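> One structure follows; several queries about it will come next.
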Amino acid sequence: MSPDFDELGAWLRLLMVPGLGPVPARRLLAAFGSPQAVFAAQPDAVRAVLPRFAPDALNADTGWQAELERTQAWLQSDQAQAPRALLTLADAAYPAPLLEAVDPPLVLFAEGDLDRWRRPAVAIVGSRNPTVQGAENAQAFARALSEAGVVVVSGLARGVDAAAHEGALQPIESGDMPLAGGTIAVLGTGLNEVYPKAHKALARRVSQAGLMLSEFTLNTPPLPANFPRRNRIVAALSRGTLVVEAAVQSGSLITARLANEMGREVLAIPGSIHSPQARGCHALIKQGAKLVETAQDVLEELRLGTPTPSSAASADAIGAGSDSAVSHADAAGADPILRAMGHDPVGQDALSARTGLGPAELGARLLELELMGQVARLPGALFQRLARA
């Protein structure tokens with residue numbers, strides 16, 4: 001699957017040429033046919049293809065030989081928990097959807113099930129600091145989509161990304177649905193430099209029951225500029241991008257914009273008009289993104305079939321605050337405090353005014369509901385009813 005030693009060295013050397021990005025590199029490859037031929041080309045021939053590029057940079061000492069040895073050792077390690085490969089633009093196994101990106105990666109480091117990208121996929125992205133409900137929505141949508149055979153793609157970041165990977169893994173790790181879609185994690189670091197470090201165990205699970213991808217060489221640290229770059233891979237691998245929660249300046253909106261530019265669908269879950277974490281989703285909806293309330297909405301919009309009965313149930317359970325979910329809960333005789341809370345964050349003083357309960361009684365009841373998993377305590381002394389209640 002991976003190229004031979006000499007070919008691998010040429011690709012890594014090309015990848016590491018200073019000042020040469022993926023687009024110019026592809027122009028050189030188109031002109032000369034292979035990385036080896038690029039480095040054998042005369043300077044005048046290189047200038048004819050890239051007039052503004054200094055051919056001397058091709059001979060720069062970038063340490064690519066050490067990188068080659070490191071990559072070979074990584075590929076052949078007997079400590080690997082899952083199959084490893086390095087895919088190049090010339091490799092038949094290179095993910096075809098990535099070729100639709102403006103600047104597809106020259107190489108991809110991969111660990112896990114290389115066939116995972118061949119299945120229909122949906123990206124789930126959102127805030128690194130979601131509300132409790134936002135994280136639960138991401139996990140439940142991901143699980144429902146995975147149960148329906150759809151691969152969930154995300155970036156292994158904190159918050160919504162991690163929740164999406166968790167949800168997508170559950171049907172596979174339970175042992176009940178080995179053919180579930182699972183998940184693909186696209187990293188903004190080298191595959192051996194998981195970020196954040198707290199997600200090392202999650203990354204290991206993804207590689208064992210899904211696929212890990214990175215365009216960055218091994219040992220690449222978490223550089224801020226690399227994370228927006230990985231977003232184009234997340235968008236390109238997916239038929240659509242679902243934004244769960246996002247502030248107006250969220251990096252998730254970059255992924256949504258890239259998806260739109262590639263002709264992919266953009267979908268968003270609405271939230272409270274009072275929540276800063278919902279404003280990015282609302283902005284996307286105003287711009288034409290599809291408003292979705294259940295996984296069924298996602299499947300129908302992307303023409304991906306219908307979920308299994310269990311996934312349909314889990315999708316309905318997270319109705320994202322829809323009127324139908326509220327009316328269903330009320331019809332079932334929801335707790336009067338929950339009815340008074342609605343689905344927006346609310347302070348204890350306001351809730352006391354709505355219910356007529358004193359601070360001590362209300363505080364005790366809120367604690368009870370919190371322990372039952374029906375209410376979440378938010379920063380700023382706020383409380384929020386969880387949709388599953």
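Letters A, B, ... mark the chains of the structure tokens in the order given; residue numbers begin at 1 per chain; ligand numbers begin at 1, in order shown.
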Give me the residues near region 81-84 of chain A as a PyMOL selection string, where near means some atom within 9 Å (using only C-alpha atoms) and where sequence neighbours in that chain fewer than 6 positions away do not count.
chain A and resi 2+74-75+109-114+204+207-209
> Save out the residues we just selected, N, CA and C atoms, as an mmCIF file, in the first residue's frame.

```cif
data_model
loop_
_atom_site.group_PDB
_atom_site.id
_atom_site.type_symbol
_atom_site.label_atom_id
_atom_site.label_comp_id
_atom_site.auth_asym_id
_atom_site.auth_seq_id
_atom_site.Cartn_x
_atom_site.Cartn_y
_atom_site.Cartn_z
ATOM 1 N N SER A 2 1.913 1.247 0.854
ATOM 2 C CA SER A 2 2.814 2.390 0.893
ATOM 3 C C SER A 2 3.856 2.266 -0.214
ATOM 4 N N TRP A 74 7.946 3.906 11.640
ATOM 5 C CA TRP A 74 6.544 3.997 12.057
ATOM 6 C C TRP A 74 5.678 3.015 11.270
ATOM 7 N N LEU A 75 5.921 2.921 9.963
ATOM 8 C CA LEU A 75 5.134 2.020 9.122
ATOM 9 C C LEU A 75 5.358 0.558 9.486
ATOM 10 N N PHE A 109 -0.793 10.296 5.905
ATOM 11 C CA PHE A 109 -0.441 9.258 6.859
ATOM 12 C C PHE A 109 -1.758 8.673 7.370
ATOM 13 N N ALA A 110 -1.865 7.359 7.347
ATOM 14 C CA ALA A 110 -3.127 6.709 7.699
ATOM 15 C C ALA A 110 -2.880 5.581 8.692
ATOM 16 N N GLU A 111 -3.818 5.442 9.609
ATOM 17 C CA GLU A 111 -3.765 4.344 10.573
ATOM 18 C C GLU A 111 -5.189 3.853 10.822
ATOM 19 N N GLY A 112 -5.433 2.586 10.534
ATOM 20 C CA GLY A 112 -6.760 2.025 10.733
ATOM 21 C C GLY A 112 -7.291 1.365 9.475
ATOM 22 N N ASP A 113 -8.589 1.400 9.326
ATOM 23 C CA ASP A 113 -9.283 0.745 8.216
ATOM 24 C C ASP A 113 -9.266 1.652 6.996
ATOM 25 N N LEU A 114 -8.418 1.337 6.016
ATOM 26 C CA LEU A 114 -8.262 2.195 4.841
ATOM 27 C C LEU A 114 -9.479 2.195 3.931
ATOM 28 N N ARG A 204 -6.670 6.074 19.891
ATOM 29 C CA ARG A 204 -6.371 4.641 19.763
ATOM 30 C C ARG A 204 -7.637 3.866 19.411
ATOM 31 N N SER A 207 -8.483 4.450 15.726
ATOM 32 C CA SER A 207 -7.638 3.692 14.803
ATOM 33 C C SER A 207 -8.010 2.219 14.775
ATOM 34 N N GLN A 208 -8.540 1.712 15.876
ATOM 35 C CA GLN A 208 -8.896 0.299 15.942
ATOM 36 C C GLN A 208 -10.268 0.008 15.332
ATOM 37 N N ALA A 209 -11.158 0.998 15.354
ATOM 38 C CA ALA A 209 -12.516 0.778 14.844
ATOM 39 C C ALA A 209 -12.897 1.793 13.781
#
```
> Please produce, as a Markdown table, a per-residue contact table for region 131-166 of chain A versus region 377-380 of chain A (criterion: any atom at most 12 Å away, only C-alpha atoms considered), showing the nearest atom pair and its distance in Å to one decimal, sorted by chain then residue number.

```
| residue | atom | partner | partner_atom | distance |
| --- | --- | --- | --- | --- |
| A:Thr131 | CA | A:Leu378 | CA | 7.7 |
| A:Val132 | CA | A:Leu378 | CA | 8.1 |
| A:Gln133 | CA | A:Leu378 | CA | 10.5 |
```
> Mind dumping the selected residues with C-alpha atoms as an mmCIF file, in the first residue's frame?

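Saved file out.cif follows:
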```cif
data_model
loop_
_atom_site.group_PDB
_atom_site.id
_atom_site.type_symbol
_atom_site.label_atom_id
_atom_site.label_comp_id
_atom_site.auth_asym_id
_atom_site.auth_seq_id
_atom_site.Cartn_x
_atom_site.Cartn_y
_atom_site.Cartn_z
ATOM 1 C CA THR A 131 -23.133 23.192 26.200
ATOM 2 C CA VAL A 132 -24.041 19.886 27.818
ATOM 3 C CA GLN A 133 -26.943 19.609 25.411
#
```
> When you look at region 228-245 of chain A with a cut-off of 8 Å (counting only C-alpha atoms), what residues show up, excluding the ones that are within fewer than 5 positions of it in the same chain? I need them as a ChimeraX atom specification.
/A:95,97-98,100-101,104,117,120-127,130,134,137-138,153-155,160,186-188,214-215,251-256,258-259,262,264-271,277-278,280-281,302
> Apply DSSP to the structure's backbone, then extract all residues of region 89-280 of chain A labelled helix (DSSP H, G or I) and return them as a ChimeraX atom specification.
/A:96-100,116-118,132-147,160-173,197-209,226-236,252-261,276-280
> So how far away is CA of Leu223 (chain A) from CA of Gly63 (chain A), in Å?
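Calculated distance between CA of Gly63 (chain A) and CA of Leu223 (chain A) is 19.2 Å.
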> Per DSSP on the backbone, filter region 202-308 of chain A down to the residues in strand (DSSP E or B) and report them as a ChimeraX atom specification.
/A:211-214,240-243,265-268,290-291
> Calculated over only C-alpha atoms, which of the candidates A:Glu370, A:Asp44, A:Glu147, A:Asp56 has the smallest distance to Gln296 (chain A)?
A:Glu147
> Between CA of Pro3 (chain A) and CA of Ala37 (chain A), what distance in Å does the model show, to one decimal?
15.6 Å
